[in-house]
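Data block for work.csv (CSV, C-alpha atoms):
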```csv
chain,number,residue,atom,x,y,z
A,168,MET,CA,55.8,-74.5,-37.9
A,169,GLU,CA,55.6,-71.8,-40.5
A,170,THR,CA,53.4,-72.5,-43.5
A,171,PHE,CA,53.4,-71.0,-47.0
A,172,ALA,CA,50.5,-70.3,-49.3
A,173,LEU,CA,49.8,-73.0,-51.9
A,174,SER,CA,48.7,-72.0,-55.4
A,175,GLU,CA,45.2,-72.8,-56.5
A,176,PRO,CA,46.1,-75.7,-58.8
A,177,VAL,CA,48.2,-77.4,-56.1
A,178,LEU,CA,45.5,-76.9,-53.5
A,179,LEU,CA,42.9,-78.3,-55.8
A,180,VAL,CA,45.0,-81.3,-56.7
A,181,LEU,CA,45.6,-82.0,-53.0
A,182,LEU,CA,41.9,-81.6,-52.2
A,183,SER,CA,41.0,-84.0,-55.0
A,184,LEU,CA,43.4,-86.6,-53.7
A,185,ALA,CA,42.3,-86.1,-50.1
A,186,GLU,CA,39.0,-87.7,-50.9
A,187,GLN,CA,40.4,-90.8,-52.6
A,188,PRO,CA,43.4,-91.9,-54.7
A,189,ARG,CA,42.9,-90.9,-58.3
A,190,HIS,CA,44.5,-91.1,-61.7
A,191,GLY,CA,45.3,-88.0,-63.9
A,192,TYR,CA,42.0,-87.7,-65.8
A,193,SER,CA,39.9,-88.3,-62.7
A,194,ILE,CA,41.8,-85.4,-61.0
A,195,LEU,CA,41.1,-83.1,-63.9
A,196,LYS,CA,37.4,-83.8,-63.9
A,197,ASP,CA,37.2,-83.7,-60.1
A,198,ILE,CA,38.8,-80.2,-60.0
A,199,GLU,CA,36.4,-79.0,-62.7
A,200,SER,CA,33.5,-80.3,-60.6
A,201,MET,CA,34.8,-78.8,-57.3
A,202,SER,CA,35.2,-75.4,-58.9
A,203,ASP,CA,31.9,-75.5,-60.7
A,204,GLY,CA,33.7,-75.3,-64.1
A,205,ARG,CA,35.7,-72.3,-63.1
A,206,VAL,CA,39.1,-74.0,-63.0
A,207,LEU,CA,40.1,-76.0,-66.1
A,208,LEU,CA,43.6,-77.3,-65.7
A,209,SER,CA,45.6,-78.3,-68.8
A,210,THR,CA,47.5,-81.6,-68.7
A,211,GLY,CA,50.8,-79.7,-68.6
A,212,THR,CA,49.7,-77.7,-65.5
A,213,LEU,CA,48.3,-80.8,-63.8
A,214,TYR,CA,51.4,-83.0,-64.4
A,215,GLY,CA,53.7,-80.1,-63.5
A,216,ALA,CA,51.9,-79.9,-60.1
A,217,LEU,CA,51.9,-83.7,-59.7
A,218,GLN,CA,55.7,-83.9,-60.4
A,219,ARG,CA,56.5,-81.2,-57.9
A,220,LEU,CA,54.2,-82.8,-55.3
A,221,LEU,CA,55.9,-86.2,-56.0
A,222,ASP,CA,59.4,-84.6,-55.6
A,223,ASN,CA,58.4,-83.0,-52.3
A,224,GLY,CA,56.9,-86.3,-51.0
A,225,TRP,CA,53.4,-84.9,-50.6
A,226,ILE,CA,51.9,-87.5,-52.9
A,227,GLU,CA,53.0,-90.9,-54.1
A,228,ARG,CA,52.1,-93.2,-57.0
A,229,VAL,CA,50.1,-96.3,-56.5
A,230,GLN,CA,50.9,-98.9,-59.1
A,231,GLU,CA,48.1,-101.5,-59.0
A,232,GLU,CA,48.8,-104.9,-60.4
A,233,ASN,CA,46.5,-105.0,-63.4
A,234,THR,CA,46.7,-101.2,-64.1
A,235,PRO,CA,48.6,-100.1,-67.3
A,236,ARG,CA,51.5,-97.8,-66.8
A,237,ASP,CA,49.6,-94.9,-68.3
A,238,ARG,CA,46.8,-95.2,-65.7
A,239,ARG,CA,48.8,-94.7,-62.6
A,240,THR,CA,47.0,-93.6,-59.5
A,241,TYR,CA,48.2,-91.0,-57.0
A,242,ARG,CA,47.4,-90.6,-53.4
A,243,LEU,CA,48.3,-88.3,-50.5
A,244,THR,CA,51.2,-89.2,-48.2
A,245,SER,CA,51.0,-88.4,-44.5
A,246,ARG,CA,53.2,-85.4,-45.1
A,247,GLY,CA,50.9,-84.2,-47.9
A,248,ARG,CA,47.9,-84.6,-45.7
A,249,ARG,CA,49.6,-82.7,-42.9
A,250,ASN,CA,50.5,-79.8,-45.2
A,251,LEU,CA,47.0,-79.7,-46.6
A,252,GLN,CA,45.6,-79.5,-43.1
A,253,MET,CA,47.9,-76.6,-42.3
A,254,GLU,CA,46.8,-74.8,-45.4
A,255,ILE,CA,43.2,-75.3,-44.6
A,256,GLU,CA,43.8,-73.9,-41.1
A,257,ARG,CA,45.6,-71.0,-42.5
A,258,MET,CA,42.7,-70.2,-44.9
A,259,ARG,CA,40.1,-70.7,-42.1
A,260,HIS,CA,41.9,-68.2,-40.0
A,261,LEU,CA,42.1,-65.8,-42.9
A,262,THR,CA,38.4,-66.0,-43.7
A,263,LYS,CA,37.5,-65.7,-40.1
A,264,MET,CA,39.5,-62.5,-39.8
A,265,ALA,CA,38.0,-61.2,-43.1
A,266,SER,CA,34.5,-61.9,-41.8
A,267,LEU,CA,35.1,-60.1,-38.5
A,268,ARG,CA,36.6,-57.0,-40.3
A,269,VAL,CA,33.8,-56.8,-42.8
A,270,ALA,CA,31.2,-57.1,-40.1
A,271,ARG,CA,33.0,-54.5,-38.0
A,272,LYS,CA,33.1,-52.1,-41.0
A,273,GLU,CA,29.4,-52.6,-41.7
A,274,ALA,CA,28.5,-52.0,-38.0
B,85,MET,CA,46.1,-82.7,-82.8
B,86,LEU,CA,47.2,-85.7,-80.8
B,87,THR,CA,50.3,-85.8,-83.1
B,88,VAL,CA,51.0,-82.1,-82.4
B,89,TYR,CA,50.7,-82.8,-78.7
B,90,CYS,CA,53.1,-85.7,-78.9
B,91,TRP,CA,55.6,-83.5,-80.7
B,92,LEU,CA,55.2,-80.7,-78.1
B,93,LEU,CA,56.0,-83.3,-75.4
B,94,CYS,CA,59.5,-83.4,-76.8
B,95,LEU,CA,60.1,-80.0,-75.3
B,96,TYR,CA,60.2,-81.6,-71.8
B,97,PRO,CA,63.4,-83.0,-70.3
B,98,LYS,CA,64.0,-86.6,-71.3
B,99,SER,CA,63.5,-88.1,-67.9
B,100,TYR,CA,60.2,-86.2,-67.4
B,101,ARG,CA,59.0,-87.3,-70.8
B,102,HIS,CA,60.0,-91.0,-70.1
B,103,ASP,CA,58.2,-90.9,-66.8
B,104,LEU,CA,55.0,-89.0,-67.6
B,105,GLY,CA,54.8,-88.7,-71.4
B,106,GLU,CA,52.5,-91.7,-72.0
B,107,GLU,CA,50.2,-90.8,-69.1
B,108,MET,CA,49.9,-87.1,-70.3
B,109,THR,CA,49.1,-88.3,-73.8
B,110,LEU,CA,46.3,-90.6,-72.5
B,111,VAL,CA,44.8,-87.9,-70.3
B,112,PHE,CA,44.9,-85.4,-73.2
B,113,ARG,CA,43.2,-88.0,-75.4
B,114,ASP,CA,40.5,-88.7,-72.8
B,115,ALA,CA,39.9,-85.0,-72.2
B,116,ARG,CA,39.7,-84.3,-76.0
B,117,ASN,CA,37.2,-87.1,-76.5
B,118,ALA,CA,35.0,-85.8,-73.7
B,119,LEU,CA,34.7,-82.3,-75.4
B,120,SER,CA,31.4,-81.0,-76.6
B,121,PRO,CA,31.3,-80.5,-80.4
B,122,ALA,CA,31.1,-76.7,-80.2
B,123,LEU,CA,34.0,-75.0,-82.0
B,124,ALA,CA,34.6,-72.4,-79.3
B,125,VAL,CA,35.0,-75.1,-76.7
B,126,LYS,CA,37.5,-77.0,-78.9
B,127,ILE,CA,39.5,-73.9,-79.6
B,128,GLY,CA,39.6,-73.0,-75.9
B,129,PHE,CA,40.7,-76.5,-75.0
B,130,TYR,CA,43.6,-76.6,-77.5
B,131,ARG,CA,44.7,-73.1,-76.6
B,132,ARG,CA,44.7,-74.0,-72.9
B,133,GLU,CA,46.4,-77.4,-73.5
B,134,PHE,CA,49.2,-76.1,-75.8
B,135,SER,CA,50.0,-73.0,-73.8
B,136,GLY,CA,49.9,-75.0,-70.6
B,137,LEU,CA,52.3,-77.5,-72.2
B,138,LEU,CA,54.8,-74.9,-73.2
B,139,CYS,CA,54.8,-73.2,-69.8
B,140,SER,CA,55.0,-76.5,-68.0
B,141,ALA,CA,57.9,-77.7,-70.2
B,142,LEU,CA,59.8,-74.5,-69.5
B,143,SER,CA,59.1,-74.8,-65.8
B,144,ALA,CA,60.4,-78.4,-65.9
B,145,HIS,CA,63.7,-77.3,-67.4
B,146,PHE,CA,64.0,-74.5,-64.8
B,147,ASP,CA,63.4,-76.9,-62.0
B,148,ARG,CA,66.0,-79.4,-63.4
B,149,LEU,CA,68.6,-76.7,-63.7
B,150,PHE,CA,67.9,-74.5,-60.6
B,151,GLY,CA,65.7,-76.5,-58.4
B,152,ALA,CA,62.9,-74.3,-56.9
B,153,ALA,CA,65.5,-71.5,-56.3
B,154,ILE,CA,64.1,-69.3,-59.0
B,155,PRO,CA,60.4,-69.3,-58.8
B,156,PHE,CA,58.9,-69.6,-62.3
B,157,PRO,CA,56.0,-67.2,-62.9
B,158,ARG,CA,53.6,-70.1,-62.7
B,159,SER,CA,55.3,-71.6,-59.7
B,160,TYR,CA,53.1,-74.0,-57.8
B,161,MET,CA,54.6,-73.7,-54.4
B,162,GLN,CA,56.2,-70.6,-53.1
B,163,PRO,CA,59.6,-71.2,-51.7
B,164,GLN,CA,59.9,-70.3,-48.0
B,165,PHE,CA,63.2,-68.7,-48.3
B,166,ARG,CA,63.5,-65.0,-49.3
B,167,PHE,CA,66.8,-63.3,-49.6
B,168,PRO,CA,66.8,-60.6,-47.0
B,169,ARG,CA,66.4,-57.2,-48.7
B,170,ALA,CA,67.8,-55.5,-45.6
B,171,THR,CA,71.1,-57.2,-46.3
B,172,VAL,CA,71.3,-55.9,-49.9
B,173,PHE,CA,70.4,-52.4,-48.7
B,174,LEU,CA,73.1,-52.5,-46.0
B,175,MET,CA,75.7,-53.8,-48.5
B,176,LEU,CA,74.9,-50.9,-50.8
B,177,VAL,CA,75.1,-48.4,-47.9
B,178,ILE,CA,78.5,-49.8,-46.9
B,179,PHE,CA,79.8,-49.7,-50.5
B,180,ALA,CA,78.6,-46.1,-50.9
B,181,GLY,CA,80.3,-45.2,-47.7
B,182,VAL,CA,83.6,-46.7,-48.9
B,183,VAL,CA,83.4,-44.9,-52.2
B,184,ILE,CA,82.7,-41.6,-50.6
B,185,THR,CA,85.6,-42.1,-48.1
B,186,ILE,CA,88.0,-42.8,-51.0
B,187,ARG,CA,86.8,-39.8,-52.9
B,188,THR,CA,87.2,-37.5,-49.9
B,189,ALA,CA,90.6,-38.9,-49.3
B,190,CYS,CA,91.6,-38.2,-52.9
B,191,GLY,CA,90.2,-34.7,-52.6
B,192,ILE,CA,92.4,-34.1,-49.6
B,193,ALA,CA,95.4,-35.7,-51.3
B,194,GLY,CA,94.9,-33.8,-54.5
B,195,ASP,CA,94.7,-34.7,-58.2
B,196,THR,CA,97.8,-36.6,-58.3
B,197,LEU,CA,95.9,-39.6,-57.0
B,198,GLY,CA,93.2,-39.2,-59.7
B,199,LEU,CA,94.4,-42.1,-61.8
B,200,GLY,CA,94.9,-44.3,-58.7
B,201,TRP,CA,91.4,-43.5,-57.6
B,202,ARG,CA,89.8,-44.6,-60.8
B,203,THR,CA,91.8,-47.9,-60.8
B,204,LEU,CA,90.9,-48.5,-57.2
B,205,LEU,CA,87.3,-47.8,-57.8
B,206,GLY,CA,87.3,-50.2,-60.7
B,207,CYS,CA,88.9,-52.8,-58.6
B,208,LEU,CA,86.4,-52.3,-55.8
B,209,ILE,CA,83.4,-52.6,-58.1
B,210,PHE,CA,84.9,-55.7,-59.7
B,211,MET,CA,85.5,-57.3,-56.3
B,212,PHE,CA,82.0,-56.5,-55.1
B,213,VAL,CA,80.4,-57.9,-58.2
B,214,SER,CA,82.6,-61.0,-58.1
B,215,MET,CA,81.8,-61.7,-54.5
B,216,CYS,CA,78.1,-61.3,-55.0
B,217,THR,CA,78.2,-63.6,-58.1
B,218,ALA,CA,80.3,-66.2,-56.3
B,219,ALA,CA,77.9,-66.1,-53.3
B,220,ALA,CA,74.9,-66.5,-55.5
B,221,VAL,CA,76.5,-69.4,-57.5
B,222,VAL,CA,77.6,-71.2,-54.3
B,223,TRP,CA,74.1,-70.8,-52.8
B,224,GLY,CA,72.5,-72.0,-56.0
B,225,ILE,CA,74.7,-75.1,-55.9
B,226,LEU,CA,74.0,-75.8,-52.3
B,227,TYR,CA,70.2,-75.3,-52.9
B,228,ALA,CA,70.3,-77.6,-56.0
B,229,ARG,CA,72.0,-80.3,-53.9
B,230,HIS,CA,69.4,-79.9,-51.1
B,231,ARG,CA,72.1,-78.9,-48.7
B,232,SER,CA,71.2,-75.3,-48.1
B,233,GLY,CA,70.0,-73.9,-44.8
B,234,VAL,CA,66.4,-74.0,-46.1
B,235,HIS,CA,66.5,-77.7,-46.6
B,236,ARG,CA,68.2,-78.3,-43.3
B,237,LEU,CA,65.5,-76.3,-41.6
B,238,GLN,CA,62.8,-78.2,-43.4
B,239,ASN,CA,64.4,-81.5,-42.4
B,240,VAL,CA,64.5,-80.4,-38.8
B,241,GLN,CA,60.8,-79.3,-38.9
B,242,SER,CA,59.6,-82.5,-40.6
```

Do you think you could lay out the structure here as structure tokens?
Amino acid sequence: METFALSEPVLLVLLSLAEQPRHGYSILKDIESMSDGRVLLSTGTLYGALQRLLDNGWIERVQEENTPRDRRTYRLTSRGRRNLQMEIERMRHLTKMASLRVARKEA
Amino acid sequence: MLTVYCWLLCLYPKSYRHDLGEEMTLVFRDARNALSPALAVKIGFYRREFSGLLCSALSAHFDRLFGAAIPFPRSYMQPQFRFPRATVFLMLVIFAGVVITIRTACGIAGDTLGLGWRTLLGCLIFMFVSMCTAAAVVWGILYARHRSGVHRLQNVQS
């Protein structure tokens, strides 16, 4: 199955949800923490990514009983988890190739 | 600033606003309340938020009209399908060949066919452009309705 590269915001959102289901603000703070403050998403960018992921079926909303509408939680679907895994494999292969080439050049 | 943010949310499509507007406002408020008091931090925050909102609103309208067919500059997921450049190149080569052939034929036949040649060339160009436009429109409609070859292949793969 052919994969395609994910943009950094999407990848970070998926990684954030891979750990546990989260609501919007929690995703923002987690991404900031994961990137050591380097990546600061705006709410527009975050929700644009969330909407596209919802449309593609990679994530789903979890409406808990006592949770207000504006605190909806998101979680990865099996499809989203599978695609995230493929992306991680792709990046792992790339970094492995990069390390080999750099090592070869230095040698 | 929260009022300005709520006004800017009106730039989004209605369905998007209805679905996510409240949530986005709450997250904006929480993020703003968590800011440090430094002026530079606040300016950076508002600049990032409002510019992100404008780009995201535009992207939402694009997606609603064209699906993911035309990747917006800040597209989040690259579409797998790429229109084959070789096809465009071959189409241009064939078209150039036809034009050269017609010109050669007119040269052999003489200037009496000059007027006919110009009319014919105009017709050919018009037909070519019309066919390309029609193909692009039909493909766009199929893609927007999730019935294009890309979606069928994705369904098979998943």

Do you have, as JSON lines, the list of residues of chain A lying at most 12 Å from chain B, each with its nearest atom pair and that distance in Å to one decimal, counting all atoms listed in the file and ordered by chain then number?
```
{"residue": "A:Met168", "atom": "CA", "partner": "B:Gln241", "partner_atom": "CA", "distance": 7.0}
{"residue": "A:Glu169", "atom": "CA", "partner": "B:Gln164", "partner_atom": "CA", "distance": 8.8}
{"residue": "A:Thr170", "atom": "CA", "partner": "B:Gln164", "partner_atom": "CA", "distance": 8.2}
{"residue": "A:Phe171", "atom": "CA", "partner": "B:Gln164", "partner_atom": "CA", "distance": 6.6}
{"residue": "A:Ala172", "atom": "CA", "partner": "B:Gln162", "partner_atom": "CA", "distance": 6.9}
{"residue": "A:Leu173", "atom": "CA", "partner": "B:Met161", "partner_atom": "CA", "distance": 5.5}
{"residue": "A:Ser174", "atom": "CA", "partner": "B:Tyr160", "partner_atom": "CA", "distance": 5.4}
{"residue": "A:Glu175", "atom": "CA", "partner": "B:Tyr160", "partner_atom": "CA", "distance": 8.1}
{"residue": "A:Pro176", "atom": "CA", "partner": "B:Tyr160", "partner_atom": "CA", "distance": 7.3}
{"residue": "A:Val177", "atom": "CA", "partner": "B:Tyr160", "partner_atom": "CA", "distance": 6.2}
{"residue": "A:Leu178", "atom": "CA", "partner": "B:Tyr160", "partner_atom": "CA", "distance": 9.2}
{"residue": "A:Leu179", "atom": "CA", "partner": "B:Tyr160", "partner_atom": "CA", "distance": 11.2}
{"residue": "A:Val180", "atom": "CA", "partner": "B:Tyr160", "partner_atom": "CA", "distance": 11.0}
{"residue": "A:Leu181", "atom": "CA", "partner": "B:Tyr160", "partner_atom": "CA", "distance": 12.0}
{"residue": "A:His190", "atom": "CA", "partner": "B:Val111", "partner_atom": "CA", "distance": 9.2}
{"residue": "A:Gly191", "atom": "CA", "partner": "B:Val111", "partner_atom": "CA", "distance": 6.4}
{"residue": "A:Tyr192", "atom": "CA", "partner": "B:Val111", "partner_atom": "CA", "distance": 5.3}
{"residue": "A:Ser193", "atom": "CA", "partner": "B:Val111", "partner_atom": "CA", "distance": 9.1}
{"residue": "A:Ile194", "atom": "CA", "partner": "B:Val111", "partner_atom": "CA", "distance": 10.1}
{"residue": "A:Leu195", "atom": "CA", "partner": "B:Ala115", "partner_atom": "CA", "distance": 8.6}
{"residue": "A:Lys196", "atom": "CA", "partner": "B:Ala115", "partner_atom": "CA", "distance": 8.8}
{"residue": "A:Glu199", "atom": "CA", "partner": "B:Ala115", "partner_atom": "CA", "distance": 11.8}
{"residue": "A:Val206", "atom": "CA", "partner": "B:Arg132", "partner_atom": "CA", "distance": 11.4}
{"residue": "A:Leu207", "atom": "CA", "partner": "B:Arg132", "partner_atom": "CA", "distance": 8.4}
{"residue": "A:Leu208", "atom": "CA", "partner": "B:Arg132", "partner_atom": "CA", "distance": 8.0}
{"residue": "A:Ser209", "atom": "CA", "partner": "B:Glu133", "partner_atom": "CA", "distance": 4.9}
{"residue": "A:Thr210", "atom": "CA", "partner": "B:Met108", "partner_atom": "CA", "distance": 6.2}
{"residue": "A:Gly211", "atom": "CA", "partner": "B:Leu137", "partner_atom": "CA", "distance": 4.5}
{"residue": "A:Thr212", "atom": "CA", "partner": "B:Gly136", "partner_atom": "CA", "distance": 5.8}
{"residue": "A:Leu213", "atom": "CA", "partner": "B:Ser140", "partner_atom": "CA", "distance": 9.0}
{"residue": "A:Tyr214", "atom": "CA", "partner": "B:Met108", "partner_atom": "CA", "distance": 7.3}
{"residue": "A:Gly215", "atom": "CA", "partner": "B:Ser140", "partner_atom": "CA", "distance": 5.9}
{"residue": "A:Ala216", "atom": "CA", "partner": "B:Tyr160", "partner_atom": "CA", "distance": 6.4}
{"residue": "A:Leu217", "atom": "CA", "partner": "B:Tyr160", "partner_atom": "CA", "distance": 10.0}
{"residue": "A:Gln218", "atom": "CA", "partner": "B:Tyr100", "partner_atom": "CA", "distance": 8.6}
{"residue": "A:Arg219", "atom": "CA", "partner": "B:Tyr160", "partner_atom": "CA", "distance": 8.0}
{"residue": "A:Leu220", "atom": "CA", "partner": "B:Met161", "partner_atom": "CA", "distance": 9.2}
{"residue": "A:Leu221", "atom": "CA", "partner": "B:Leu104", "partner_atom": "CA", "distance": 12.0}
{"residue": "A:Asp222", "atom": "CA", "partner": "B:Gly151", "partner_atom": "CA", "distance": 10.6}
{"residue": "A:Asn223", "atom": "CA", "partner": "B:Met161", "partner_atom": "CA", "distance": 10.3}
{"residue": "A:Gly224", "atom": "CA", "partner": "B:Ser242", "partner_atom": "CA", "distance": 11.4}
{"residue": "A:Trp225", "atom": "CA", "partner": "B:Met161", "partner_atom": "CA", "distance": 11.9}
{"residue": "A:Arg228", "atom": "CA", "partner": "B:Leu104", "partner_atom": "CA", "distance": 11.8}
{"residue": "A:Pro235", "atom": "CA", "partner": "B:Glu107", "partner_atom": "CA", "distance": 9.6}
{"residue": "A:Arg236", "atom": "CA", "partner": "B:Glu107", "partner_atom": "CA", "distance": 7.5}
{"residue": "A:Asp237", "atom": "CA", "partner": "B:Glu107", "partner_atom": "CA", "distance": 4.2}
{"residue": "A:Arg238", "atom": "CA", "partner": "B:Glu107", "partner_atom": "CA", "distance": 6.5}
{"residue": "A:Arg239", "atom": "CA", "partner": "B:Glu107", "partner_atom": "CA", "distance": 7.7}
{"residue": "A:Thr240", "atom": "CA", "partner": "B:Glu107", "partner_atom": "CA", "distance": 10.5}
{"residue": "A:Ser245", "atom": "CA", "partner": "B:Ser242", "partner_atom": "CA", "distance": 11.1}
{"residue": "A:Arg246", "atom": "CA", "partner": "B:Ser242", "partner_atom": "CA", "distance": 8.3}
{"residue": "A:Gly247", "atom": "CA", "partner": "B:Ser242", "partner_atom": "CA", "distance": 11.5}
{"residue": "A:Arg249", "atom": "CA", "partner": "B:Ser242", "partner_atom": "CA", "distance": 10.3}
{"residue": "A:Asn250", "atom": "CA", "partner": "B:Ser242", "partner_atom": "CA", "distance": 10.5}
{"residue": "A:Glu254", "atom": "CA", "partner": "B:Met161", "partner_atom": "CA", "distance": 12.0}
```

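When CA of Gly224 in chain B is paired with CA of Gly206 in chain B, their separation reads 26.8 Å.
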
Two-atom distance - CA of Val183 in chain B, CA of Ala220 in chain B (Å): 23.4 Å

Here is a test: counting only C-alpha atoms, which residue of A:Ile198, A:Ala265, A:Met258, A:Ala270 is nearest to Glu186 in chain A?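 Of A:Ile198, A:Ala265, A:Met258, A:Ala270, the one nearest Glu186 in chain A is A:Ile198, counting only C-alpha atoms.
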
In Å, with one decimal, what is the gap from CA of Tyr227 in chain B to CA of Ile226 in chain A?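 That distance, rounded to one decimal, is 22.0 Å.
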